[in-house]
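The block underneath contains the structure these notes are about, expressed in structure tokens.
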Amino acid sequence: RLDHNHGPAPYFMEQVRIQVEAILKENFGDTYNIYTDGLRIHTTLDATLQGFAVTALKNHMAYLQKTFDEHWAQREPWHANPDIFNNALQRTSRYRALKAQGLSENQITEELKKPVSTTVFSHDGEKRVNISPIDSLKNSLRTLHAGFVAINPANGHVVAWEGGVNFRFFKYDHVTARRQAGSTFKPIVYATAINKGFDPCEFISNERRIYSRHNDWSPTNSDGNHHGYYSLKGGLINSANTIAAEVIHKTGTSDVIQMARKMGIQSPIPNVPSIALGTADLSLLELTTSYTTFANYGRAIQPVILLRIEDNNGNLLYEAPENHAAQEEFNEETARLMVQIMRETIERGTGRSLYSRYNLQGDYAGKTGTSQNNADGWFIGYSPNLVAGAWVGAENPGIHFRSTALGQGAHTALPIFAR
């Protein structure tokens, strides 16, 4: 018997539940109860691929959590910003209950230091322990989270969906959660420019510039190198912020936002040039959806998770309409150039460990992403018949690796895709 917390795809099932209830409510009012009426619900999930996704995410996150704990062995990750912990503590139900009883801060702290028997999450399995609420909260804040989703670009079918490290303890779904996109947004900027006629082989100075019309905005490269020149293509392969900033400066932020909308991104995108570096908060699902445009040579396709609903006698209650790729968002020449550039990102750029370390065989393209201070690690990659994305980070963006070597998307998110 599978319960709601321990099935093969609990985060996905929750999304299915939300959609099914909405469809039945709209079409049949209160006629059907999804828990008791024996409905047959057909979804797009591929059981084999879902199994691979769950195993890949869990194995990598167990390794990454161990690395993170060793990295912060001497002090808490929020030592420079204690408000992260204090604010989280004040939001807990235990704290609020004690506060409502009229206890002072010192009395509340003493109460919350007393051990209680509780079940906690660990990568080795659930554990029953005696632990104080304060230590339990610290353990929760230090936990790294992840999301993974895979889409068939031909029909938009979601074939794998894992929204976190453990549904029982962490029900927040990181496939639909919005986080700072980092460099995974850059291909949208470059596709906009190339579609407007920019030459991928045009050379642009790697110097650090000051953009006076944008409040003296002056982006830098993460490696501190601002010498020489990059071709437009080389700027994306090496994820140079200076080049992305110059490209959006020449292309225009409005055109980039318009392109992002056509490619399936629905979240608010501020009309500022820093979006070229991925400052907008986007979800893993919509970023992965936007990359189906590259796999489909210029046509985006919306993700589908629900195929049909039947009653307990097999009578059809709902069937998803046939899902086709949208009209051409950019021309095929632009698409082929972008695919080639993102191939080279995997072969010799920021995503090269996909081949060099994980020895993947086949034809892949993609892009890594790392947000400010390594708060978010991303990787979105694709082959001709699959587009998949991974995100990794702590629940609070203020908790993260201190070094880019450990916190970058190539180290945190790419391995889930590779595994």
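Chain identifiers are assigned as A, B, and so on, following the order in which chains appear in the structure tokens; residues are numbered from 1 within each chain, and ligands are numbered from 1 in order of appearance.
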Selection: 8 Å around A:Gly351, only C-alpha atoms, excl. self and same-chain fewer than 4 positions, as a PDB file with all heavy atoms, in the first residue's frame:
```pdb
ATOM      1  N   THR A 345      28.750  24.626 -24.935  1.00  0.00           N
ATOM      2  CA  THR A 345      28.758  24.901 -23.501  1.00  0.00           C
ATOM      3  C   THR A 345      28.988  23.605 -22.727  1.00  0.00           C
ATOM      4  O   THR A 345      29.674  23.577 -21.706  1.00  0.00           O
ATOM      5  CB  THR A 345      27.421  25.540 -23.075  1.00  0.00           C
ATOM      6  OG1 THR A 345      27.229  26.740 -23.820  1.00  0.00           O
ATOM      7  CG2 THR A 345      27.406  25.873 -21.597  1.00  0.00           C
ATOM      8  N   ILE A 346      28.410  22.502 -23.251  1.00  0.00           N
ATOM      9  CA  ILE A 346      28.591  21.185 -22.637  1.00  0.00           C
ATOM     10  C   ILE A 346      29.962  20.602 -22.973  1.00  0.00           C
ATOM     11  O   ILE A 346      30.615  19.977 -22.149  1.00  0.00           O
ATOM     12  CB  ILE A 346      27.485  20.204 -23.117  1.00  0.00           C
ATOM     13  CG1 ILE A 346      26.087  20.742 -22.796  1.00  0.00           C
ATOM     14  CG2 ILE A 346      27.679  18.821 -22.526  1.00  0.00           C
ATOM     15  CD1 ILE A 346      25.826  20.970 -21.343  1.00  0.00           C
ATOM     16  N   GLU A 347      30.409  20.819 -24.188  1.00  0.00           N
ATOM     17  CA  GLU A 347      31.680  20.210 -24.633  1.00  0.00           C
ATOM     18  C   GLU A 347      32.901  20.872 -24.013  1.00  0.00           C
ATOM     19  O   GLU A 347      33.854  20.200 -23.638  1.00  0.00           O
ATOM     20  CB  GLU A 347      31.763  20.284 -26.162  1.00  0.00           C
ATOM     21  CG  GLU A 347      30.770  19.354 -26.867  1.00  0.00           C
ATOM     22  CD  GLU A 347      30.647  19.664 -28.362  1.00  0.00           C
ATOM     23  OE1 GLU A 347      31.379  20.548 -28.852  1.00  0.00           O
ATOM     24  OE2 GLU A 347      29.794  19.041 -29.025  1.00  0.00           O
ATOM     25  N   GLY A 366      22.996  22.496 -23.341  1.00  0.00           N
ATOM     26  CA  GLY A 366      22.423  22.957 -22.083  1.00  0.00           C
ATOM     27  C   GLY A 366      23.158  24.146 -21.510  1.00  0.00           C
ATOM     28  O   GLY A 366      24.056  24.711 -22.141  1.00  0.00           O
ATOM     29  N   LYS A 367      22.768  24.534 -20.294  1.00  0.00           N
ATOM     30  CA  LYS A 367      23.349  25.706 -19.636  1.00  0.00           C
ATOM     31  C   LYS A 367      23.295  25.542 -18.126  1.00  0.00           C
ATOM     32  O   LYS A 367      22.268  25.152 -17.570  1.00  0.00           O
ATOM     33  CB  LYS A 367      22.561  26.964 -20.054  1.00  0.00           C
ATOM     34  CG  LYS A 367      23.146  28.267 -19.517  1.00  0.00           C
ATOM     35  CD  LYS A 367      24.417  28.638 -20.255  1.00  0.00           C
ATOM     36  CE  LYS A 367      25.097  29.865 -19.632  1.00  0.00           C
ATOM     37  NZ  LYS A 367      25.826  29.535 -18.382  1.00  0.00           N
ATOM     38  N   THR A 368      24.415  25.848 -17.487  1.00  0.00           N
ATOM     39  CA  THR A 368      24.455  25.911 -16.024  1.00  0.00           C
ATOM     40  C   THR A 368      23.995  27.293 -15.569  1.00  0.00           C
ATOM     41  O   THR A 368      23.966  28.246 -16.352  1.00  0.00           O
ATOM     42  CB  THR A 368      25.886  25.682 -15.507  1.00  0.00           C
ATOM     43  OG1 THR A 368      26.740  26.662 -16.116  1.00  0.00           O
ATOM     44  CG2 THR A 368      26.384  24.293 -15.834  1.00  0.00           C
ATOM     45  N   ALA A 410      27.127  23.825 -11.795  1.00  0.00           N
ATOM     46  CA  ALA A 410      27.847  22.681 -12.363  1.00  0.00           C
ATOM     47  C   ALA A 410      28.165  21.632 -11.289  1.00  0.00           C
ATOM     48  O   ALA A 410      28.304  20.448 -11.593  1.00  0.00           O
ATOM     49  CB  ALA A 410      29.147  23.150 -13.028  1.00  0.00           C
ATOM     50  N   LEU A 414      23.898  20.141 -11.962  1.00  0.00           N
ATOM     51  CA  LEU A 414      24.249  19.337 -13.146  1.00  0.00           C
ATOM     52  C   LEU A 414      24.364  17.843 -12.839  1.00  0.00           C
ATOM     53  O   LEU A 414      23.904  17.005 -13.634  1.00  0.00           O
ATOM     54  CB  LEU A 414      25.541  19.875 -13.763  1.00  0.00           C
ATOM     55  CG  LEU A 414      26.087  19.137 -15.004  1.00  0.00           C
ATOM     56  CD1 LEU A 414      26.755  20.120 -15.952  1.00  0.00           C
ATOM     57  CD2 LEU A 414      27.088  18.056 -14.615  1.00  0.00           C
TER      58      LEU A 414
END
```
*What lies within 10 Å of stretch 18-20 of chain A using only C-alpha atoms, ignoring chain neighbours under 2 positions off, as a ChimeraX atom specification?*
/A:13-16,22-26,34,41,305-306,308-309,318
Any chance you can output those residues with N, CA and C atoms as a CSV table (one decimal), in the first residue's frame?
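Here's the written file out35.csv:
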```
chain,number,residue,atom,x,y,z
A,13,MET,N,2.0,13.8,-7.9
A,13,MET,CA,0.6,13.4,-7.6
A,13,MET,C,-0.2,14.6,-7.0
A,14,GLU,N,0.5,15.4,-6.2
A,14,GLU,CA,-0.1,16.6,-5.7
A,14,GLU,C,-0.6,17.6,-6.8
A,15,GLN,N,0.3,17.7,-7.8
A,15,GLN,CA,-0.1,18.6,-8.9
A,15,GLN,C,-1.3,18.0,-9.7
A,16,VAL,N,-1.3,16.6,-9.8
A,16,VAL,CA,-2.4,15.9,-10.5
A,16,VAL,C,-3.7,16.2,-9.7
A,22,ALA,N,-9.9,20.6,-10.0
A,22,ALA,CA,-10.3,21.8,-10.7
A,22,ALA,C,-11.1,21.5,-11.9
A,23,ILE,N,-10.7,20.5,-12.7
A,23,ILE,CA,-11.4,20.1,-13.9
A,23,ILE,C,-12.8,19.5,-13.6
A,24,LEU,N,-12.8,18.6,-12.6
A,24,LEU,CA,-14.1,18.0,-12.2
A,24,LEU,C,-15.1,19.0,-11.6
A,25,LYS,N,-14.5,20.0,-10.8
A,25,LYS,CA,-15.4,21.0,-10.3
A,25,LYS,C,-16.0,21.9,-11.4
A,26,GLU,N,-15.2,22.2,-12.3
A,26,GLU,CA,-15.6,23.1,-13.4
A,26,GLU,C,-16.7,22.4,-14.3
A,34,ILE,N,-12.7,12.5,-5.7
A,34,ILE,CA,-11.6,11.8,-6.3
A,34,ILE,C,-11.0,10.7,-5.3
A,41,ILE,N,-7.3,7.8,-13.4
A,41,ILE,CA,-6.7,9.1,-13.9
A,41,ILE,C,-5.4,8.7,-14.6
A,305,ILE,N,0.5,17.3,-17.8
A,305,ILE,CA,0.7,16.2,-16.8
A,305,ILE,C,-0.5,15.3,-16.8
A,306,LEU,N,-1.6,15.7,-17.3
A,306,LEU,CA,-2.9,15.0,-17.2
A,306,LEU,C,-3.4,14.7,-18.6
A,308,ARG,N,-6.1,12.0,-19.3
A,308,ARG,CA,-7.6,11.8,-19.3
A,308,ARG,C,-8.1,11.3,-17.9
A,309,ILE,N,-9.4,11.5,-17.7
A,309,ILE,CA,-10.0,11.0,-16.5
A,309,ILE,C,-11.2,10.2,-16.9
A,318,TYR,N,-12.9,13.4,-19.0
A,318,TYR,CA,-12.1,14.5,-19.5
A,318,TYR,C,-10.9,13.9,-20.4
```
For stretch 373-419 of chain A against stretch 264-287 of chain A, with a cut-off of 12 Å and counting only C-alpha atoms, what is the closest atom pair and its distance in Å to one decimal for every residue that makes the cut, ordered by chain and number, as CSV?
```
residue,atom,partner,partner_atom,distance
A:Ala375,CA,A:Thr279,CA,11.9
A:Asp376,CA,A:Asp281,CA,10.7
A:Gly377,CA,A:Leu284,CA,11.1
A:Trp378,CA,A:Leu284,CA,8.6
A:Phe379,CA,A:Leu284,CA,9.6
A:Ile380,CA,A:Leu287,CA,8.0
A:Gly381,CA,A:Leu287,CA,10.8
A:Val387,CA,A:Leu287,CA,10.4
A:Ala388,CA,A:Leu285,CA,9.3
A:Gly389,CA,A:Leu284,CA,6.7
A:Ala390,CA,A:Leu284,CA,7.1
A:Trp391,CA,A:Leu284,CA,6.8
A:Val392,CA,A:Leu284,CA,10.2
A:Pro397,CA,A:Asp281,CA,11.9
A:Ala413,CA,A:Leu284,CA,11.6
```
*Could you name the residues that touch stretch 137-147 of chain A at 7 Å or less, counting only C-alpha atoms, but leaving out those on the same chain fewer than 5 positions away, as number ranges by chain?*
A: 65, 162-165, 174-175, 390-395
*Check the DSSP output for the backbone and give back, as a PyMOL selection string, the residues of stretch 179-398 of chain A in strand (DSSP E or B).*
chain A and resi 179-180+203-205+211+217+229-231+281-283+304+306-310+316-319+365-370+377-383+386-394
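Nearest-residue note for A:Phe148: choosing from A:Ala320, A:Ala177, A:Cys201, A:Ala47, the minimum distance belongs to A:Ala177, counting only C-alpha atoms.
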_If DSSP is run on the backbone, what residues of stretch 268-398 of chain A are helix (DSSP H, G or I)? A reply as a ChimeraX atom specification would be ideal._
/A:273-277,284-295,332-348,353-356,372-374
*Quick one: distance from atom CA of A:Thr288 to atom CA of A:Ile151 in Å, one decimal?*
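Separation between atom CA of A:Thr288 and atom CA of A:Ile151: 7.8 Å.
Between atom CA of A:Arg94 and atom CA of A:Gln107 there is a distance of 12.7 Å.
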Quick one: contact table of stretch 246-341 of chain A to stretch 227-236 of chain A, 9 Å max, nearest atom pair and distance in Å to one decimal per residue, counting only C-alpha atoms, chain and number order, as JSON lines?
```
{"residue": "A:Val247", "atom": "CA", "partner": "A:Leu232", "partner_atom": "CA", "distance": 8.1}
{"residue": "A:Met338", "atom": "CA", "partner": "A:Lys233", "partner_atom": "CA", "distance": 8.7}
{"residue": "A:Ile341", "atom": "CA", "partner": "A:Lys233", "partner_atom": "CA", "distance": 6.1}
```
For the residues in the current selection, export N, CA, C and O atoms as a short mmCIF file (atom, residue, chain, number, x, y, z; two decimals), in the first residue's frame.
```cif
data_model
loop_
_atom_site.label_atom_id
_atom_site.label_comp_id
_atom_site.auth_asym_id
_atom_site.auth_seq_id
_atom_site.Cartn_x
_atom_site.Cartn_y
_atom_site.Cartn_z
N VAL A 247 25.13 42.56 -24.50
CA VAL A 247 24.15 42.03 -25.46
C VAL A 247 22.76 42.56 -25.15
O VAL A 247 22.05 43.03 -26.05
N MET A 338 21.73 28.49 -31.75
CA MET A 338 21.65 28.37 -30.30
C MET A 338 21.95 26.95 -29.83
O MET A 338 22.65 26.74 -28.83
N ILE A 341 25.69 26.49 -30.03
CA ILE A 341 26.39 27.21 -28.95
C ILE A 341 26.23 26.46 -27.62
O ILE A 341 27.18 26.30 -26.86
#
```
Can you write out as a tab-separated table which residues of stretch 47-95 of chain A fall within 10 Å of stretch 406-409 of chain A, alongside each residue's closest atom pair and its distance in Å to one decimal, counting only C-alpha atoms and ordering rows by chain and ascending residue number?
```
residue	atom	partner	partner_atom	distance
A:Leu64	CA	A:Leu406	CA	9.1
A:Thr67	CA	A:Leu406	CA	8.6
A:Phe68	CA	A:Leu406	CA	8.6
A:His71	CA	A:Leu406	CA	9.1
```
*Taking into account only C-alpha atoms, which residue in the set A:Ala100, A:Asp311, A:His4, A:Phe12 is nearest to A:Asp37?*
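Once distances to A:Asp37 are computed over only C-alpha atoms, the minimum belongs to A:Asp311.
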*Excluding A:Glu246 and any residue of its chain fewer than 3 positions from it, enumerate the residues within 12 Å of it, using only C-alpha atoms, and give them as an MDAnalysis selection string.*
chainID A and resid 186 189:190 193 203:211 217:220 230:232 235 240:243 249:253 273:274 276:277
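Here the question is which of A:Thr119, A:Ala62, A:Thr31, A:Thr292 gets nearest to A:Leu317 using only C-alpha atoms, and that residue is A:Thr31.
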*If you count only C-alpha atoms, which residues fall within 12 Å of A:Asp124, apart from same-chain ones fewer than 3 positions away, as a VMD selection string?*
chain A and resid 58 to 59 61 to 63 65 to 66 120 to 121 127 165 to 166
Export N, CA, C and O atoms of the chosen residues as an mmCIF file, in the first residue's frame?
```cif
data_model
loop_
_atom_site.group_PDB
_atom_site.id
_atom_site.type_symbol
_atom_site.label_atom_id
_atom_site.label_comp_id
_atom_site.auth_asym_id
_atom_site.auth_seq_id
_atom_site.Cartn_x
_atom_site.Cartn_y
_atom_site.Cartn_z
ATOM 1 N N LYS A 58 18.136 11.766 -5.010
ATOM 2 C CA LYS A 58 18.392 11.354 -3.622
ATOM 3 C C LYS A 58 19.879 11.036 -3.405
ATOM 4 O O LYS A 58 20.472 11.443 -2.402
ATOM 5 N N ASN A 59 20.488 10.316 -4.338
ATOM 6 C CA ASN A 59 21.906 9.961 -4.189
ATOM 7 C C ASN A 59 22.805 11.191 -4.198
ATOM 8 O O ASN A 59 23.725 11.325 -3.379
ATOM 9 N N MET A 61 21.941 14.349 -3.582
ATOM 10 C CA MET A 61 21.685 15.256 -2.469
ATOM 11 C C MET A 61 22.252 14.716 -1.146
ATOM 12 O O MET A 61 22.641 15.495 -0.273
ATOM 13 N N ALA A 62 22.319 13.394 -1.005
ATOM 14 C CA ALA A 62 22.964 12.815 0.187
ATOM 15 C C ALA A 62 24.439 13.200 0.201
ATOM 16 O O ALA A 62 24.990 13.604 1.247
ATOM 17 N N TYR A 63 25.097 13.105 -0.967
ATOM 18 C CA TYR A 63 26.508 13.501 -1.082
ATOM 19 C C TYR A 63 26.672 15.007 -0.849
ATOM 20 O O TYR A 63 27.560 15.446 -0.110
ATOM 21 N N GLN A 65 24.715 17.138 0.726
ATOM 22 C CA GLN A 65 24.433 17.551 2.103
ATOM 23 C C GLN A 65 25.629 17.278 3.008
ATOM 24 O O GLN A 65 25.984 18.105 3.861
ATOM 25 N N LYS A 66 26.271 16.133 2.809
ATOM 26 C CA LYS A 66 27.474 15.797 3.581
ATOM 27 C C LYS A 66 28.573 16.831 3.317
ATOM 28 O O LYS A 66 29.240 17.312 4.242
ATOM 29 N N VAL A 120 12.725 12.812 12.605
ATOM 30 C CA VAL A 120 13.413 13.807 11.767
ATOM 31 C C VAL A 120 13.843 13.171 10.449
ATOM 32 O O VAL A 120 13.988 11.948 10.342
ATOM 33 N N PHE A 121 14.043 14.045 9.460
ATOM 34 C CA PHE A 121 14.511 13.599 8.149
ATOM 35 C C PHE A 121 16.024 13.415 8.157
ATOM 36 O O PHE A 121 16.757 14.208 8.733
ATOM 37 N N LYS A 127 14.327 9.096 11.178
ATOM 38 C CA LYS A 127 14.893 8.669 12.459
ATOM 39 C C LYS A 127 14.072 9.231 13.614
ATOM 40 O O LYS A 127 13.661 10.400 13.577
ATOM 41 N N VAL A 165 13.513 16.669 -1.535
ATOM 42 C CA VAL A 165 14.280 15.526 -1.018
ATOM 43 C C VAL A 165 13.411 14.548 -0.231
ATOM 44 O O VAL A 165 13.754 13.380 -0.099
ATOM 45 N N ASN A 166 12.253 15.011 0.276
ATOM 46 C CA ASN A 166 11.367 14.104 1.010
ATOM 47 C C ASN A 166 10.012 14.781 1.194
ATOM 48 O O ASN A 166 9.909 15.804 1.874
#
```
